[in-house]
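The next block is data29.cif, given as mmCIF, C-alpha atoms.
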```cif
data_final
loop_
_atom_site.label_atom_id
_atom_site.label_comp_id
_atom_site.auth_asym_id
_atom_site.auth_seq_id
_atom_site.Cartn_x
_atom_site.Cartn_y
_atom_site.Cartn_z
CA MET A 1 -3.61 -2.93 -34.46
CA ILE A 2 -3.99 -0.03 -32.02
CA LYS A 3 -6.98 -1.43 -30.20
CA PRO A 4 -5.41 -4.65 -28.80
CA LEU A 5 -2.35 -2.66 -27.80
CA LEU A 6 -4.40 -0.14 -25.82
CA ASN A 7 -6.41 -3.01 -24.41
CA ASN A 8 -3.21 -4.71 -23.22
CA ILE A 9 -1.85 -1.53 -21.66
CA PHE A 10 -5.13 -1.16 -19.80
CA VAL A 11 -4.96 -4.77 -18.53
CA PHE A 12 -1.31 -4.21 -17.52
CA LEU A 13 -2.21 -1.17 -15.42
CA PHE A 14 -5.38 -2.78 -14.04
CA VAL A 15 -3.65 -5.99 -12.92
CA GLY A 16 -0.90 -4.02 -11.13
CA PHE A 17 -3.48 -1.75 -9.52
CA LEU A 18 -5.42 -4.75 -8.25
CA GLN A 19 -2.24 -6.31 -6.84
CA ILE A 20 -1.06 -3.16 -5.08
CA PHE A 21 -4.35 -2.09 -3.57
CA ALA A 22 -6.12 -5.39 -2.97
CA PHE A 23 -3.95 -8.50 -2.95
CA ASN A 24 -0.96 -6.97 -1.18
CA ASN A 25 -3.18 -6.48 1.85
CA ILE A 26 -4.06 -10.15 2.08
CA ARG A 27 -1.85 -12.12 4.44
CA PHE A 28 -3.04 -15.55 5.48
CA SER A 29 -1.55 -16.54 8.84
CA GLY A 30 1.15 -13.96 8.47
CA PHE A 31 3.16 -15.22 5.53
CA VAL A 32 0.99 -16.60 2.73
CA SER A 33 0.25 -13.89 0.20
CA PRO A 34 -1.18 -14.18 -3.32
CA TYR A 35 0.62 -12.60 -6.26
CA PHE A 36 -2.23 -12.24 -8.68
CA TYR A 37 -0.52 -9.84 -11.09
CA VAL A 38 1.56 -12.61 -12.76
CA ILE A 39 -1.66 -13.53 -14.62
CA PHE A 40 -0.64 -10.88 -17.15
CA ILE A 41 2.47 -12.88 -18.08
CA LEU A 42 0.49 -16.14 -18.16
CA LEU A 43 -2.18 -14.80 -20.50
CA MET A 44 -0.01 -13.10 -23.12
CA PRO A 45 -0.68 -14.45 -26.64
CA PHE A 46 1.27 -17.47 -27.91
CA GLU A 47 2.93 -15.49 -30.71
CA THR A 48 4.44 -12.80 -28.45
CA PRO A 49 8.10 -12.32 -29.48
CA GLY A 50 10.68 -13.22 -26.83
CA TRP A 51 12.05 -9.74 -26.26
CA ILE A 52 8.59 -8.22 -25.79
CA LEU A 53 7.78 -10.97 -23.29
CA LEU A 54 10.97 -10.32 -21.29
CA PHE A 55 10.68 -6.53 -21.29
CA THR A 56 6.98 -6.47 -20.44
CA SER A 57 7.54 -8.86 -17.55
CA PHE A 58 10.47 -6.82 -16.29
CA PHE A 59 8.44 -3.60 -16.31
CA LEU A 60 5.44 -5.30 -14.75
CA GLY A 61 7.66 -6.47 -11.87
CA LEU A 62 9.24 -3.03 -11.60
CA TYR A 63 5.76 -1.48 -11.49
CA ILE A 64 4.87 -3.60 -8.45
CA ASP A 65 8.31 -3.02 -6.92
CA ILE A 66 7.99 0.75 -7.02
CA PHE A 67 4.78 0.63 -5.04
CA THR A 68 6.00 -1.88 -2.46
CA GLN A 69 9.53 -0.48 -1.92
CA THR A 70 11.21 -3.73 -2.92
CA LEU A 71 13.01 -2.41 -6.00
CA GLY A 72 14.21 -5.24 -8.24
CA MET A 73 12.75 -8.26 -6.43
CA HIS A 74 9.51 -8.67 -8.37
CA ALA A 75 11.34 -7.60 -11.53
CA ALA A 76 13.85 -10.44 -11.12
CA ALA A 77 11.12 -12.98 -10.41
CA CYS A 78 8.94 -11.90 -13.36
CA THR A 79 11.87 -11.92 -15.77
CA PHE A 80 12.74 -15.45 -14.71
CA MET A 81 9.13 -16.53 -15.18
CA ALA A 82 9.01 -14.97 -18.66
CA PHE A 83 12.22 -16.79 -19.53
CA LEU A 84 10.67 -20.16 -18.69
CA ARG A 85 7.37 -19.51 -20.51
CA PRO A 86 8.33 -20.28 -24.16
CA GLN A 87 10.06 -23.55 -23.23
CA LEU A 88 7.07 -24.63 -21.17
CA LEU A 89 4.62 -23.75 -23.93
CA LYS A 90 6.68 -25.80 -26.33
CA ALA A 91 6.68 -28.79 -23.94
CA PHE A 92 2.93 -28.63 -23.30
CA ALA A 93 1.90 -27.99 -26.92
CA PRO A 94 -0.91 -30.17 -28.36
CA ARG A 95 0.05 -32.64 -31.08
CA ASP A 96 -0.58 -30.24 -33.96
CA GLY A 97 0.46 -27.02 -32.23
CA TYR A 98 -1.65 -24.20 -30.89
CA GLU A 99 -4.49 -23.09 -33.12
CA PRO A 100 -4.06 -19.57 -34.44
CA GLY A 101 -6.28 -17.02 -32.77
CA THR A 102 -6.38 -18.85 -29.44
CA LEU A 103 -4.94 -17.64 -26.14
CA PRO A 104 -3.44 -19.63 -23.21
CA ARG A 105 -6.68 -19.77 -21.24
CA ILE A 106 -8.97 -22.41 -19.75
CA TYR A 107 -11.65 -21.52 -22.30
CA TYR A 108 -9.46 -22.69 -25.19
CA LEU A 109 -7.20 -25.37 -23.76
CA GLY A 110 -9.04 -26.87 -20.84
CA PHE A 111 -8.63 -26.90 -17.07
CA THR A 112 -5.89 -29.54 -16.71
CA TRP A 113 -3.64 -27.91 -19.28
CA PHE A 114 -3.97 -24.50 -17.63
CA LEU A 115 -3.44 -25.89 -14.12
CA LYS A 116 -0.15 -27.56 -15.11
CA TYR A 117 1.00 -24.51 -17.04
CA SER A 118 0.17 -21.92 -14.39
CA LEU A 119 1.31 -23.99 -11.41
CA ILE A 120 4.85 -24.44 -12.78
CA LEU A 121 5.28 -20.82 -13.84
CA ILE A 122 3.86 -19.38 -10.62
CA ALA A 123 6.04 -21.71 -8.55
CA ALA A 124 9.10 -20.49 -10.49
CA HIS A 125 8.11 -16.88 -9.92
CA HIS A 126 7.51 -17.35 -6.19
CA PHE A 127 10.69 -19.35 -5.77
CA VAL A 128 12.86 -16.52 -7.13
CA LEU A 129 10.85 -13.85 -5.34
CA PHE A 130 11.00 -15.41 -1.88
CA TYR A 131 14.64 -16.41 -2.06
CA VAL A 132 15.75 -13.02 -3.31
CA GLU A 133 13.75 -11.52 -0.47
CA MET A 134 15.49 -13.76 2.10
CA PHE A 135 18.88 -13.54 0.37
CA ARG A 136 20.48 -16.35 2.37
CA TRP A 137 20.36 -20.14 2.52
CA THR A 138 19.64 -20.49 6.21
CA ASP A 139 15.95 -21.14 6.86
CA PHE A 140 15.88 -22.82 3.45
CA PHE A 141 12.99 -25.12 4.26
CA TYR A 142 10.94 -22.48 5.97
CA THR A 143 11.16 -20.30 2.86
CA PHE A 144 10.39 -23.33 0.73
CA PHE A 145 7.24 -23.92 2.75
CA ARG A 146 6.22 -20.31 2.18
CA VAL A 147 6.84 -20.71 -1.55
CA ILE A 148 4.58 -23.77 -1.72
CA CYS A 149 1.76 -22.22 0.30
CA SER A 150 1.77 -18.97 -1.64
CA THR A 151 1.98 -20.83 -4.96
CA ILE A 152 -1.15 -22.82 -4.18
CA PHE A 153 -2.97 -19.73 -3.07
CA SER A 154 -1.95 -17.61 -6.11
CA THR A 155 -2.82 -20.42 -8.54
CA LEU A 156 -6.23 -20.82 -6.94
CA ILE A 157 -7.05 -17.14 -7.33
CA ILE A 158 -5.75 -17.00 -10.90
CA ILE A 159 -7.80 -20.05 -11.95
CA LEU A 160 -10.90 -18.65 -10.29
CA SER A 161 -10.41 -15.37 -12.11
CA GLN A 162 -10.54 -17.30 -15.39
CA TYR A 163 -14.22 -17.99 -14.75
CA PHE A 164 -15.04 -14.36 -13.98
CA ILE A 165 -12.95 -11.64 -15.64
CA PHE A 166 -10.51 -13.13 -18.17
CA ARG A 167 -12.89 -15.59 -19.82
CA LYS A 168 -12.13 -15.16 -23.51
CA MET B 1 33.78 -12.19 -34.89
CA ARG B 2 31.00 -13.11 -37.31
CA ASN B 3 30.59 -16.46 -35.60
CA LEU B 4 30.33 -14.75 -32.26
CA LEU B 5 27.63 -12.39 -33.57
CA ARG B 6 25.76 -15.32 -35.07
CA PHE B 7 25.99 -17.16 -31.77
CA ILE B 8 24.57 -14.17 -29.90
CA ALA B 9 21.80 -13.65 -32.48
CA LYS B 10 20.86 -17.30 -32.26
CA ASN B 11 20.64 -17.25 -28.48
CA GLN B 12 19.36 -13.69 -28.19
CA PHE B 13 16.52 -14.74 -25.91
CA ILE B 14 18.87 -16.22 -23.32
CA PHE B 15 21.28 -13.29 -23.48
CA LEU B 16 18.47 -10.77 -23.14
CA PHE B 17 17.13 -12.75 -20.19
CA LEU B 18 20.53 -12.80 -18.48
CA LEU B 19 20.98 -9.08 -19.08
CA ILE B 20 17.61 -8.14 -17.57
CA GLU B 21 18.04 -10.58 -14.68
CA ILE B 22 21.46 -9.12 -13.79
CA LEU B 23 19.93 -5.66 -14.00
CA SER B 24 17.15 -6.68 -11.60
CA ILE B 25 19.48 -8.32 -9.10
CA SER B 26 21.78 -5.29 -9.12
CA LEU B 27 18.71 -3.12 -8.50
CA VAL B 28 17.88 -5.34 -5.53
CA ILE B 29 21.38 -5.03 -4.12
CA ARG B 30 21.66 -1.30 -4.71
CA SER B 31 18.32 -0.21 -3.33
CA ASN B 32 17.45 -2.62 -0.51
CA LYS B 33 19.43 -2.11 2.69
CA TYR B 34 19.19 -5.69 3.96
CA GLN B 35 20.27 -7.33 0.70
CA GLN B 36 23.03 -4.75 0.32
CA ALA B 37 24.44 -5.56 3.76
CA LYS B 38 24.35 -9.30 3.02
CA TYR B 39 26.10 -8.78 -0.30
CA VAL B 40 28.82 -6.52 1.10
CA ASN B 41 29.43 -8.95 3.94
CA ALA B 42 29.81 -11.93 1.61
CA ALA B 43 32.00 -9.98 -0.80
CA GLN B 44 34.23 -8.77 2.03
CA ASN B 45 34.65 -12.30 3.32
CA ILE B 46 35.74 -13.54 -0.10
CA THR B 47 38.12 -10.68 -0.91
CA GLY B 48 39.52 -10.85 2.61
CA TYR B 49 40.27 -14.52 2.18
CA ILE B 50 42.04 -13.97 -1.14
CA SER B 51 44.04 -11.03 0.19
CA GLN B 52 45.14 -13.07 3.18
CA LYS B 53 46.47 -15.83 0.94
CA LYS B 54 48.31 -13.24 -1.13
CA SER B 55 49.88 -11.49 1.84
CA LYS B 56 50.92 -14.81 3.36
CA ILE B 57 53.15 -15.30 0.34
CA LEU B 58 54.39 -11.73 0.15
CA GLN B 59 55.12 -11.57 3.87
CA TYR B 60 58.39 -13.47 3.46
CA LEU B 61 59.78 -10.72 1.29
CA TYR B 62 59.38 -8.16 4.08
CA LEU B 63 60.65 -10.23 7.00
CA LYS B 64 63.83 -8.20 7.31
CA GLU B 65 62.05 -4.86 7.57
CA ILE B 66 59.48 -6.21 10.01
CA ASN B 67 62.28 -7.51 12.19
CA GLN B 68 63.94 -4.13 12.17
CA GLN B 69 60.73 -2.42 13.15
CA LEU B 70 60.16 -4.85 16.00
CA VAL B 71 63.72 -4.50 17.25
CA SER B 72 63.52 -0.73 17.30
CA GLU B 73 60.18 -0.84 19.07
CA ASN B 74 61.65 -3.24 21.61
CA GLN B 75 64.54 -0.91 22.14
CA ASN B 76 62.20 2.00 22.83
CA LEU B 77 60.17 -0.02 25.27
CA LYS B 78 63.30 -1.20 27.07
CA ASN B 79 64.56 2.34 27.36
CA GLU B 80 61.25 3.44 28.79
CA LEU B 81 61.31 0.57 31.26
CA GLU B 82 64.81 1.53 32.45
CA TYR B 83 63.70 5.10 32.86
CA TYR B 84 60.78 4.17 35.11
CA LYS B 85 62.88 1.68 37.07
CA ASN B 86 65.48 4.28 37.85
CA ASN B 87 62.88 6.83 38.85
CA ASN B 88 61.27 4.37 41.25
CA GLN B 89 57.96 4.77 39.53
CA PHE B 90 57.70 1.24 38.31
CA LYS B 91 55.89 -0.96 40.77
CA PRO B 92 55.09 -4.43 39.53
CA VAL B 93 51.65 -5.30 40.88
CA VAL B 94 49.45 -8.29 40.35
CA VAL B 95 45.90 -7.36 39.49
CA GLU B 96 43.35 -10.13 39.58
CA ASP B 97 40.66 -8.39 37.57
CA THR B 98 42.41 -6.31 34.99
CA ALA B 99 39.39 -5.03 33.13
CA HIS B 100 38.38 -2.23 35.44
CA LYS B 101 41.86 -0.82 36.03
CA GLN B 102 43.23 -1.12 32.57
CA HIS B 103 42.51 1.65 30.13
CA TYR B 104 43.59 0.08 26.86
CA SER B 105 44.36 -3.34 25.52
CA TYR B 106 45.86 -4.15 22.15
CA ILE B 107 45.04 -6.78 19.55
CA ILE B 108 47.87 -7.47 17.14
CA SER B 109 46.79 -7.93 13.57
CA LYS B 110 48.26 -8.29 10.13
CA VAL B 111 47.44 -6.08 7.16
CA VAL B 112 46.06 -8.24 4.36
CA ASN B 113 45.04 -5.52 1.95
CA ASN B 114 46.04 -1.88 1.70
CA THR B 115 45.90 0.95 -0.80
CA VAL B 116 47.58 4.36 -0.77
CA ASN B 117 46.86 5.72 -4.23
CA LYS B 118 43.15 6.51 -3.99
CA GLN B 119 41.32 9.45 -2.46
CA TYR B 120 39.46 7.21 -0.02
CA ASN B 121 41.83 4.46 1.07
CA PHE B 122 40.90 1.47 3.15
CA ILE B 123 42.91 -1.26 4.86
CA THR B 124 41.81 -4.84 5.53
CA LEU B 125 43.03 -6.63 8.65
CA ASP B 126 42.94 -10.34 9.43
CA LYS B 127 41.21 -10.00 12.79
CA GLY B 128 37.45 -9.71 13.07
CA SER B 129 34.56 -9.90 15.48
CA ALA B 130 35.70 -13.38 16.54
CA ASP B 131 38.83 -11.75 18.01
CA GLY B 132 36.92 -8.98 19.72
CA VAL B 133 37.29 -6.26 17.11
CA LYS B 134 34.40 -3.81 16.97
CA PRO B 135 33.67 -0.84 14.70
CA GLU B 136 35.14 2.52 15.78
CA MET B 137 38.21 1.01 17.39
CA ALA B 138 41.47 2.79 16.74
CA VAL B 139 44.26 1.15 14.74
CA ILE B 140 47.89 2.13 15.33
CA SER B 141 51.27 0.74 14.39
CA SER B 142 54.64 0.96 16.07
CA SER B 143 55.32 4.18 14.19
CA GLY B 144 52.01 5.97 14.52
CA VAL B 145 48.33 6.28 13.74
CA VAL B 146 46.88 4.00 11.03
CA GLY B 147 43.09 4.45 11.05
CA ILE B 148 39.73 3.56 12.52
CA VAL B 149 37.84 0.28 12.15
CA GLU B 150 34.82 0.83 9.93
CA SER B 151 33.15 -2.56 9.75
CA VAL B 152 33.94 -6.10 10.84
CA THR B 153 33.08 -9.57 9.66
CA GLU B 154 33.83 -12.71 11.59
CA ASN B 155 37.49 -12.94 10.57
CA TYR B 156 38.30 -9.62 8.90
CA SER B 157 37.92 -5.97 9.59
CA LEU B 158 37.84 -3.00 7.26
CA VAL B 159 39.78 0.05 8.44
CA ILE B 160 39.38 3.63 7.22
CA SER B 161 42.99 4.58 6.63
CA VAL B 162 44.36 7.94 7.73
CA LEU B 163 44.84 8.34 3.99
CA ASN B 164 41.09 8.77 3.53
CA ARG B 165 39.62 12.18 2.91
CA ASN B 166 36.61 11.38 5.06
CA LEU B 167 38.69 10.77 8.17
CA LYS B 168 39.50 13.60 10.57
CA VAL B 169 41.61 12.99 13.65
CA SER B 170 41.80 15.29 16.63
CA ALA B 171 45.54 16.07 16.97
CA LYS B 172 47.75 18.37 18.99
CA LEU B 173 51.23 19.82 19.10
CA LYS B 174 53.18 17.72 21.54
CA LYS B 175 55.22 20.56 23.02
CA ASN B 176 52.40 22.91 24.02
CA ASN B 177 49.16 20.91 23.71
CA TYR B 178 47.41 23.24 21.26
CA PHE B 179 44.96 21.02 19.44
CA GLY B 180 43.54 21.07 15.95
CA SER B 181 42.07 18.80 13.35
CA PHE B 182 44.22 16.53 11.24
CA GLU B 183 43.18 15.50 7.76
CA TRP B 184 44.68 14.08 4.60
CA PRO B 185 44.40 16.38 1.57
CA GLY B 186 44.61 13.44 -0.81
CA ILE B 187 47.76 14.41 -2.70
CA ASN B 188 50.72 12.47 -1.36
CA TYR B 189 50.65 9.42 0.89
CA ARG B 190 53.54 10.75 2.98
CA ASN B 191 52.00 14.14 3.78
CA GLY B 192 49.02 15.29 5.82
CA GLN B 193 47.63 18.58 7.05
CA LEU B 194 46.81 20.06 10.46
CA ASN B 195 44.22 22.80 10.64
CA GLU B 196 42.66 25.00 13.32
CA ILE B 197 45.87 25.89 15.13
CA PRO B 198 45.51 29.60 16.05
CA LEU B 199 48.00 32.14 14.69
CA HIS B 200 49.55 33.13 18.03
CA VAL B 201 50.97 29.66 18.61
CA ILE B 202 54.70 29.41 17.98
CA ILE B 203 55.51 26.58 15.61
CA LYS B 204 58.85 25.37 14.32
CA GLU B 205 59.70 22.96 11.58
CA GLY B 206 60.11 19.46 12.95
CA ASP B 207 57.61 19.87 15.78
CA THR B 208 55.91 16.63 16.73
CA ILE B 209 52.18 16.14 16.18
CA VAL B 210 50.39 13.53 18.29
CA THR B 211 46.76 12.53 18.81
CA SER B 212 44.86 14.52 21.41
CA GLY B 213 42.71 11.66 22.71
CA PHE B 214 39.62 13.87 22.78
CA SER B 215 37.51 11.79 20.46
CA ALA B 216 37.58 8.70 22.71
CA ILE B 217 38.86 6.69 19.78
CA PHE B 218 42.63 7.17 19.77
CA PRO B 219 44.61 7.06 23.00
CA GLU B 220 46.40 10.31 23.79
CA GLY B 221 49.89 10.88 22.47
CA ILE B 222 50.05 8.49 19.54
CA LEU B 223 52.51 9.81 16.99
CA LEU B 224 51.05 11.28 13.81
CA GLY B 225 53.94 13.08 12.17
CA TYR B 226 56.28 16.07 12.07
CA VAL B 227 55.74 19.63 10.87
CA THR B 228 57.43 20.23 7.51
CA ASP B 229 56.18 23.75 6.83
CA PHE B 230 53.37 26.06 7.79
CA SER B 231 51.73 29.14 6.37
CA ASP B 232 49.27 31.85 7.33
CA GLN B 233 46.45 31.45 4.85
CA GLY B 234 44.47 34.43 6.11
CA GLY B 235 41.79 34.01 8.70
CA ASN B 236 42.65 32.98 12.22
CA PHE B 237 44.42 29.70 11.68
CA PHE B 238 47.64 28.24 10.37
CA LYS B 239 47.75 25.70 7.62
CA ILE B 240 50.38 23.23 8.74
CA ASN B 241 51.84 20.58 6.47
CA ILE B 242 52.93 17.38 8.12
CA GLN B 243 55.18 14.52 7.18
CA LEU B 244 53.40 11.38 8.36
CA SER B 245 55.46 9.17 10.67
CA ASN B 246 53.90 6.04 9.23
CA ASP B 247 54.98 4.79 5.85
CA PHE B 248 51.71 3.35 4.60
CA LYS B 249 53.42 1.60 1.74
CA ASN B 250 55.12 -0.95 3.96
CA LEU B 251 52.50 -1.33 6.66
CA ASN B 252 52.55 -4.88 7.95
CA TYR B 253 51.64 -5.50 11.58
CA VAL B 254 49.29 -3.15 13.38
CA TYR B 255 47.62 -2.94 16.78
CA ILE B 256 43.88 -2.57 17.23
CA VAL B 257 43.21 -0.53 20.34
CA ASN B 258 40.47 -1.62 22.67
CA ASP B 259 39.43 1.25 24.93
CA TYR B 260 37.75 -0.07 28.08
CA ARG B 261 36.60 3.35 29.18
CA LYS B 262 35.22 4.54 25.86
CA LEU B 263 31.61 3.78 26.73
CA GLU B 264 31.97 5.52 30.04
CA GLN B 265 33.34 8.68 28.42
CA GLN B 266 30.73 8.69 25.69
CA THR B 267 27.84 8.17 28.10
CA LEU B 268 29.05 11.03 30.22
CA GLU B 269 29.51 13.33 27.25
CA SER B 270 26.12 12.47 25.80
CA THR B 271 24.46 13.84 28.92
CA GLN B 272 25.63 17.38 28.20
CA ARG B 273 22.90 19.67 27.03
CA HIS B 274 22.85 20.87 23.46
CA ASP B 275 21.12 24.19 23.85
#
```

So, in terms of structure tokens, how does the structure I just supplied come out?
Amino acid sequence: MIKPLLNNIFVFLFVGFLQIFAFNNIRFSGFVSPYFYVIFILLMPFETPGWILLFTSFFLGLYIDIFTQTLGMHAAACTFMAFLRPQLLKAFAPRDGYEPGTLPRIYYLGFTWFLKYSLILIAAHHFVLFYVEMFRWTDFFYTFFRVICSTIFSTLIIILSQYFIFRK
Amino acid sequence: MRNLLRFIAKNQFIFLFLLIEILSISLVIRSNKYQQAKYVNAAQNITGYISQKKSKILQYLYLKEINQQLVSENQNLKNELEYYKNNNQFKPVVVEDTAHKQHYSYIISKVVNNTVNKQYNFITLDKGSADGVKPEMAVISSSGVVGIVESVTENYSLVISVLNRNLKVSAKLKKNNYFGSFEWPGINYRNGQLNEIPLHVIIKEGDTIVTSGFSAIFPEGILLGYVTDFSDQGGNFFKINIQLSNDFKNLNYVYIVNDYRKLEQQTLESTQRHD
């Protein structure tokens, strides 16, 4: 009981650390930036209760916010993403449900399933994040373009990471 | 009640989500300067619009008083005109470019929202940046000082009322030009206070207090109020209580003062050395 919890806390801190010190420094052509840390929300077990999901996501966002001086923006985006997750899992479930003991990863559910799942959630996260950052409707399409570019980039990195660090 | 609780329990996930999301957004607005400015601007526009609609309806109830005010102001202006005519000081001249000769110009504006019962009162006016209003302009009415413009949106401006404990106005005694600092102690909307008048100055009840014009915001000699009583509080200065000439409860039309020479004065004063 204690071991997975400690393990999760370690992953939580590690993912945020990686985002703050590595991925925040990547800027492709000035505005495309990967938000790798949302992988923590993607990879939480299927059985996670709703309130734990929401609170963990909120604090994960807040954790990033504190280090990037954007208090509340990542928190809002992560909470929205966590809100969509259960519905999406329900919609994408295999015919006889998810097997107990499995996790939402490529290793268990295949590449196509994970691509669909992560692409939608990451897009939702980036959408909220970028529009809260802009906070106005002028330049709507420019922001939208940024959302799409960053989504593709983040998804790419998260899928690649599935073959290296978060395999099982 | 039980049904309501059951409803909340059933949809707890959605309610929790909404709660946390509202918390996040309020964090964004509270702690990020840019988002805060956007939010305040939008909120001001909306409340300004509603207040304007409200005051458009209420305005009819005050038409009689407004008329009286305008008539009495007209009378004063006419008297002044006669005085200058008879003293041969009035020379009608045509000036092609008025901007460089004129010291002040006035923008008339209507009060759309006003409070008097708080410690920090503000007034909303229905003229904004589109009409040439800028922050730090003075606002006066026919019976005296009203406040200073704090911020403007396109169609509205927010004025720090004289009835705001943060506002200090440089004021003087009209009869002998001794100047001090006027502030509102926050107790009664009809009374203010003048400080920093030295003890050797002779004051009587009923003396007139006007603005000194030192701060480059208010023109000189705008009426503030009349001395009601004064006391020696120890130290070197009087504490003078003032009855305000303006009745802030029925404020309706005001003038926003545009000072053409303000920049000039401020640039000059900023060159003095602060050793």

- Shortest interatomic distance to A:Met134 - which of B:Gln36, B:Asn195, B:Ser129, B:Gln102, counting all atoms listed in the file: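 Counting all atoms listed in the file, the residue closest to A:Met134 is B:Gln36.
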
- Query: Nearest to A:Arg105 among A:Phe12, A:Phe92, A:Phe58, A:Tyr117, with distances taken over all atoms listed in the file: which residue is it?
  - Reply: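 Smallest separation from A:Arg105 among the options: A:Tyr117.
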
- On this structure, which residues satisfy the PyMOL selection byres ((chain B) within 7 of (chain A)), written as a VMD selection string? chain B and resid 13 17 21 24 to 25 27 to 28 31 to 32 35

What are the centre and the three edge lengths of an axis-aligned box that wraps all atoms of stretch 149-165 of chain B in the file, given that 8 Å is added to every side, written as JSON and rounded to one decimal in Å?
```
{"center_x": 39.0, "center_y": -0.4, "center_z": 7.5, "size_x": 27.8, "size_y": 41.1, "size_z": 25.2}
```

- Task: Convert the output of the PyMOL selection byres ((chain B and resi 51) around 10) on the shown file into explicit residues, formatted as a list in words.
- Result: Asn45, Ile46, Thr47, Gly48, Tyr49, Ile50, Gln52, Lys53, Lys54, Ser55, Lys56, Val111, Val112, Asn113, Asn114, Thr124, Leu125 and Asp126 of chain B

What does the file look like for those residues with C-alpha atoms, as a short mmCIF file (atom, residue, chain, number, x, y, z; two decimals), in the frame of the given file?
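And here's result-v4.cif as it stands now:
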```
data_model
loop_
_atom_site.label_atom_id
_atom_site.label_comp_id
_atom_site.auth_asym_id
_atom_site.auth_seq_id
_atom_site.Cartn_x
_atom_site.Cartn_y
_atom_site.Cartn_z
CA ASN B 45 34.65 -12.30 3.32
CA ILE B 46 35.74 -13.54 -0.10
CA THR B 47 38.12 -10.68 -0.91
CA GLY B 48 39.52 -10.85 2.61
CA TYR B 49 40.27 -14.52 2.18
CA ILE B 50 42.04 -13.97 -1.14
CA GLN B 52 45.14 -13.07 3.18
CA LYS B 53 46.47 -15.83 0.94
CA LYS B 54 48.31 -13.24 -1.13
CA SER B 55 49.88 -11.49 1.84
CA LYS B 56 50.92 -14.81 3.36
CA VAL B 111 47.44 -6.08 7.16
CA VAL B 112 46.06 -8.24 4.36
CA ASN B 113 45.04 -5.52 1.95
CA ASN B 114 46.04 -1.88 1.70
CA THR B 124 41.81 -4.84 5.53
CA LEU B 125 43.03 -6.63 8.65
CA ASP B 126 42.94 -10.34 9.43
#
```

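Pairwise distance (atom CA of B:Leu173, atom CA of B:Pro198) equals 11.7 Å.
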
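The space between atom CA of A:Ile41 and atom CA of B:Arg6 spans 28.9 Å.
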
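Among the candidates B:Ile197, B:Ala37, B:Ser231, B:Phe122, the one nearest to B:Asn166 when counting all atoms listed in the file is B:Phe122.
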
- If you apply the PyMOL selection byres ((chain B and resi 214-216) around 9) to this file, what residues do you get, as a VMD selection string? chain B and resid 169 to 171 211 to 213 217 to 220 259 261 to 263 265 to 266

Mind running stretch 115-162 of chain B against stretch 181-184 of chain B at 10 Å and telling me each contacting residue's nearest atom pair with the distance in Å (one decimal), counting all atoms listed in the file, chain and number ascending, as JSON lines?
```
{"residue": "B:Gln119", "atom": "CA", "partner": "B:Trp184", "partner_atom": "CA", "distance": 9.1}
{"residue": "B:Tyr120", "atom": "CA", "partner": "B:Trp184", "partner_atom": "CA", "distance": 9.8}
{"residue": "B:Ser161", "atom": "CA", "partner": "B:Trp184", "partner_atom": "CA", "distance": 9.9}
{"residue": "B:Val162", "atom": "CA", "partner": "B:Trp184", "partner_atom": "CA", "distance": 6.9}
```

- Message: As an exercise, work out the distance from atom CA of A:Phe166 to atom CA of A:Phe130 in Å and give it to one decimal place.
- Response: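 Atom-to-atom, atom CA of A:Phe166 to atom CA of A:Phe130, that is 27.1 Å.
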